[in-house]
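Below is one structure, written out as structure tokens; comments come after it.
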Amino acid sequence: MSDIIYFDNSATTSVYPEVLSAMNEVYLNCYGNPSSLHKLGNEADKLLQKSRETVAKTLNVDEGCIYFTSGGTESNNWAIKGVARANRKKGNRIITTRIEHPSVLECFKYLENEGFSPVYLNVDSNGLVNMDEVRNKVDDKTILFSFILVNNETGVIQNAEEIIREVRLKNPKTIIHIDAVQAYGKIPINLSRLDADLMSVSSHKIHGPKGCGALYIKKNTHIIPILHGGGQENKYRSGTENLPAIYGFAKAAEIIHEKMTDNRNRIREIRNAILHGLREEFEENFYVNSPENGYEGILNIAFPRVKAQVLMHHLETKNIIVSVGSACSSRKNIQSHVLTAMNLPKERVEGAIRLSFSGMNTVDEALCFVHAVKEIIPVIRY
């Protein structure tokens, strides 16, 4: 696969070799159940707690606030459904934005069937939450406010501190959840300073294994489990812990946080090289749907009179992998709800492809992409 140029790191990432090695070691030598009382179980439990401490350290929180899950989707489901159901006597209003990941939006839609009243906030043309709407929509019946920190399609970074401050001013009892799946390991997050109650993170977005993630739950947050059974994870999340994946997740978290500054510098160079190359060739005859001050690792672009899927498949013939919209919904052939919520023209929505980079990409790959696009666009324009 060395000839592949992989620009779809927001969908998933390749696993760090060190992570794979660490996981294999657990599979071979630490295969006990962490809940078992014998020696192998104790060894497994020690490794589990070590992993919890590692992830907690990256967020600057107490390890007792980290609960392992099967990934971002479960973390989001648990945060939203668990809080809503636990606090239904205090109110039924739950608030999110129109540009959330499907695992958040579908939870809000589902909870409407349980008697909750979802509210979806609008965003501006850059994808930023309208603060006036935050002030106007949060009331004394609002039990949950959930928002995505780094958008998975455009890379826009919400002003989390300002959003939280406005929510707290209107209703200090509203529980705040942040979907940080695309932010964790990419931009600095310090939960000792950020007044959030819950935060979802995922392993496979940071060169860890798939099927593993975590939910941060601040102490004394009123939330109930959505999985019931043996009472693992301090009786909050039942099911035998996937120790090899959890240990791999912790290893990936450790590595990516050590490399964060270098990764961001390299990714910024890659993004700039692509934009410079496209401007040289097409001048202003292409669109950048991502904001300038967003996360540099996500670049959403479109070309006039070019269909996104056609461009994606032509790039694939040259071994360049990009995506159209979110990987979780792209197979449904639905136009991006994120770009639509930003009120972008139809041409910019229908033609949008997403490039997402990691520290494992190179500037040479960026130049190859630009060269490929120069060849493809004149051929596929309708």
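Going through the structure tokens in order, the chains are called A, B, and so on, while each chain numbers its residues from 1 and the ligands are numbered from 1 in the order shown.
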**Message:** Based on the backbone DSSP call, show me all residues of segment 97-235 of chain A assigned strand (DSSP E or B), as a PyMOL selection string.
**Reply:** chain A and resi 97+117-121+123+129+142-148+150+157+175-179+198-202+213-217
Generate a file of the selected residues that holds N, CA and C atoms, formatted as a tab-separated table (two decimals), in the first residue's frame.
```tsv
chain	number	residue	atom	x	y	z
A	97	THR	N	-26.43	21.35	17.37
A	97	THR	CA	-26.35	22.19	16.17
A	97	THR	C	-26.71	21.37	14.94
A	117	SER	N	-37.58	17.25	23.63
A	117	SER	CA	-37.80	18.30	22.64
A	117	SER	C	-36.46	18.80	22.11
A	118	PRO	N	-36.01	18.25	20.97
A	118	PRO	CA	-34.70	18.65	20.41
A	118	PRO	C	-34.76	20.03	19.77
A	119	VAL	N	-33.68	20.79	19.92
A	119	VAL	CA	-33.53	22.08	19.28
A	119	VAL	C	-32.21	22.06	18.51
A	120	TYR	N	-32.25	22.48	17.24
A	120	TYR	CA	-31.06	22.45	16.39
A	120	TYR	C	-30.65	23.88	16.05
A	121	LEU	N	-29.46	24.27	16.49
A	121	LEU	CA	-28.99	25.64	16.28
A	121	LEU	C	-28.41	25.83	14.88
A	123	VAL	N	-25.89	27.72	12.02
A	123	VAL	CA	-24.50	28.16	11.98
A	123	VAL	C	-24.35	29.19	10.87
A	129	VAL	N	-21.26	28.35	15.35
A	129	VAL	CA	-22.55	28.44	16.03
A	129	VAL	C	-22.91	29.91	16.26
A	142	THR	N	-33.74	23.34	29.77
A	142	THR	CA	-32.68	22.73	28.96
A	142	THR	C	-31.80	21.86	29.83
A	143	ILE	N	-31.82	20.55	29.56
A	143	ILE	CA	-31.04	19.61	30.39
A	143	ILE	C	-29.73	19.21	29.74
A	144	LEU	N	-29.62	19.39	28.41
A	144	LEU	CA	-28.40	18.96	27.70
A	144	LEU	C	-28.10	19.91	26.55
A	145	PHE	N	-26.82	20.25	26.42
A	145	PHE	CA	-26.33	21.01	25.26
A	145	PHE	C	-25.13	20.25	24.72
A	146	SER	N	-25.21	19.80	23.46
A	146	SER	CA	-24.14	18.99	22.85
A	146	SER	C	-23.65	19.65	21.57
A	147	PHE	N	-22.32	19.74	21.42
A	147	PHE	CA	-21.78	20.30	20.18
A	147	PHE	C	-20.46	19.64	19.81
A	148	ILE	N	-20.16	19.69	18.52
A	148	ILE	CA	-18.92	19.11	17.99
A	148	ILE	C	-17.82	20.17	18.05
A	150	VAL	N	-14.46	20.02	16.62
A	150	VAL	CA	-13.89	20.16	15.28
A	150	VAL	C	-14.80	19.41	14.32
A	157	ILE	N	-13.51	24.95	13.90
A	157	ILE	CA	-13.33	24.76	15.34
A	157	ILE	C	-14.29	25.71	16.06
A	175	ILE	N	-26.32	20.31	31.36
A	175	ILE	CA	-25.14	19.45	31.20
A	175	ILE	C	-24.60	19.64	29.78
A	176	ILE	N	-23.29	19.83	29.68
A	176	ILE	CA	-22.65	20.14	28.40
A	176	ILE	C	-21.79	18.98	27.94
A	177	HIS	N	-22.08	18.51	26.72
A	177	HIS	CA	-21.31	17.42	26.10
A	177	HIS	C	-20.60	17.94	24.86
A	178	ILE	N	-19.33	17.57	24.72
A	178	ILE	CA	-18.54	17.93	23.54
A	178	ILE	C	-18.14	16.66	22.79
A	179	ASP	N	-18.46	16.63	21.51
A	179	ASP	CA	-17.98	15.58	20.63
A	179	ASP	C	-16.60	16.02	20.14
A	198	LEU	N	-19.03	16.36	29.79
A	198	LEU	CA	-18.75	15.11	29.09
A	198	LEU	C	-17.99	15.40	27.81
A	199	MET	N	-17.14	14.45	27.42
A	199	MET	CA	-16.41	14.58	26.16
A	199	MET	C	-16.17	13.21	25.55
A	200	SER	N	-16.49	13.09	24.26
A	200	SER	CA	-16.30	11.83	23.52
A	200	SER	C	-14.99	11.88	22.74
A	201	VAL	N	-14.22	10.78	22.80
A	201	VAL	CA	-12.99	10.67	22.01
A	201	VAL	C	-12.92	9.26	21.41
A	202	SER	N	-12.09	9.12	20.37
A	202	SER	CA	-12.03	7.85	19.65
A	202	SER	C	-10.59	7.48	19.33
A	213	GLY	N	-12.84	3.61	22.19
A	213	GLY	CA	-12.91	5.05	22.44
A	213	GLY	C	-13.10	5.27	23.92
A	214	ALA	N	-13.49	6.47	24.28
A	214	ALA	CA	-13.71	6.77	25.70
A	214	ALA	C	-14.71	7.91	25.84
A	215	LEU	N	-15.32	7.94	27.01
A	215	LEU	CA	-16.18	9.06	27.38
A	215	LEU	C	-15.65	9.63	28.69
A	216	TYR	N	-15.33	10.91	28.66
A	216	TYR	CA	-14.99	11.62	29.90
A	216	TYR	C	-16.28	12.06	30.56
A	217	ILE	N	-16.43	11.73	31.83
A	217	ILE	CA	-17.59	12.15	32.62
A	217	ILE	C	-17.09	12.86	33.87
```
**Message:** Give me the residues near Phe303 of chain A as a ChimeraX atom specification, where near means some atom within 12 Å (using only C-alpha atoms) and where sequence neighbours in that chain fewer than 2 positions away do not count.
**Reply:** /A:278-279,282-289,300-301,305-308,310-311,346-353,373-374,376-378,380-382
**Request:** Using backbone DSSP assignments, extract all alpha helix (DSSP H) residues from segment 64-306 of chain A; output them as a ChimeraX atom specification.
**Result:** /A:72-86,102-112,131-137,160-170,232-235,243-258,260-282
**Asked** Skipping near chain neighbours, those fewer than 6 positions away, what residues fall within 10 Å of segment 58-70 of chain A using only C-alpha atoms, listed as a PyMOL selection string?
**Response** chain A and resi 48-52+78+184-185+188-193+198-203+210-219+232-234+236-239+241-243+245-246+249-250+253-254+256-258
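Counting from atom CA of Ala22 of chain A, the distance to atom CA of Ile255 of chain A is 12.3 Å.
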**Prompt:** If you count only C-alpha atoms, which residues fall within 7 Å of Gly277 of chain A, apart from same-chain ones fewer than 4 positions away, as a count of residues only?
**Reply:** 3
If you take only C-alpha atoms and a cut-off of 10 Å, which residues of segment 25-131 of chain A touch segment 161-173 of chain A, and what are their nearest atom pairs and distances in Å to one decimal, in chain and number order, as a tab-separated table?
```
residue	atom	partner	partner_atom	distance
A:Lys90	CA	A:Lys173	CA	9.5
A:Val129	CA	A:Ile163	CA	8.2
A:Asn130	CA	A:Ile163	CA	9.3
A:Met131	CA	A:Ile163	CA	7.1
```
Preceding selection exported with all heavy atoms as an mmCIF file, in the first residue's frame:
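So the final result, stored in result_7.cif, reads:
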```
data_model
loop_
_atom_site.group_PDB
_atom_site.id
_atom_site.type_symbol
_atom_site.label_atom_id
_atom_site.label_comp_id
_atom_site.auth_asym_id
_atom_site.auth_seq_id
_atom_site.Cartn_x
_atom_site.Cartn_y
_atom_site.Cartn_z
ATOM 1 N N LYS A 90 -36.136 17.092 35.239
ATOM 2 C CA LYS A 90 -35.724 18.503 35.323
ATOM 3 C C LYS A 90 -36.117 19.307 34.086
ATOM 4 O O LYS A 90 -36.076 20.539 34.100
ATOM 5 C CB LYS A 90 -34.205 18.586 35.520
ATOM 6 C CG LYS A 90 -33.710 17.908 36.796
ATOM 7 C CD LYS A 90 -32.190 17.947 36.873
ATOM 8 C CE LYS A 90 -31.690 17.223 38.105
ATOM 9 N NZ LYS A 90 -30.203 17.186 38.170
ATOM 10 N N VAL A 129 -21.265 28.348 15.346
ATOM 11 C CA VAL A 129 -22.551 28.444 16.034
ATOM 12 C C VAL A 129 -22.915 29.913 16.256
ATOM 13 O O VAL A 129 -22.065 30.733 16.617
ATOM 14 C CB VAL A 129 -22.493 27.700 17.388
ATOM 15 C CG1 VAL A 129 -23.754 27.946 18.199
ATOM 16 C CG2 VAL A 129 -22.287 26.212 17.158
ATOM 17 N N ASN A 130 -24.183 30.217 16.037
ATOM 18 C CA ASN A 130 -24.702 31.557 16.270
ATOM 19 C C ASN A 130 -24.914 31.764 17.767
ATOM 20 O O ASN A 130 -25.764 31.131 18.373
ATOM 21 C CB ASN A 130 -26.027 31.724 15.506
ATOM 22 C CG ASN A 130 -26.574 33.132 15.569
ATOM 23 O OD1 ASN A 130 -26.552 33.771 16.622
ATOM 24 N ND2 ASN A 130 -27.084 33.604 14.455
ATOM 25 N N MET A 131 -24.126 32.655 18.367
ATOM 26 C CA MET A 131 -24.183 32.856 19.812
ATOM 27 C C MET A 131 -25.518 33.454 20.271
ATOM 28 O O MET A 131 -25.965 33.195 21.383
ATOM 29 C CB MET A 131 -23.026 33.748 20.278
ATOM 30 C CG MET A 131 -21.690 33.054 20.234
ATOM 31 S SD MET A 131 -21.641 31.599 21.307
ATOM 32 C CE MET A 131 -20.178 30.792 20.663
#
```
**Asked** What is the distance, in Å and to one decimal place, between atom CA of Ile95 of chain A and atom CA of Val83 of chain A?
**Response**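 One can read the atom CA of Ile95 of chain A to atom CA of Val83 of chain A distance as 12.3 Å.
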**Request:** Please provide as a ChimeraX atom specification all residues within 7 Å of Glu296 of chain A, with the sequence filter that same-chain residues fewer than 5 positions apart are discarded (counting only C-alpha atoms).
**Result:** /A:267-268,271
**Distance criterion (only C-alpha atoms): nearest to Asp45 of chain A out of A:Gly82, A:Cys30, A:Thr317, A:Thr340** = A:Cys30
**Request:** Show which residues sit within 12 Å of Glu316 of chain A, as JSON, numbers by chain. Count only C-alpha atoms, and ignore same-chain residues fewer than 6 positions away.
**Result:** {"A": [3, 4, 5, 6, 7, 8, 309, 310, 322, 323, 369, 372, 373, 376]}
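Between atom CA of Ser290 of chain A and atom CA of Glu153 of chain A the interatomic distance comes to 8.3 Å.
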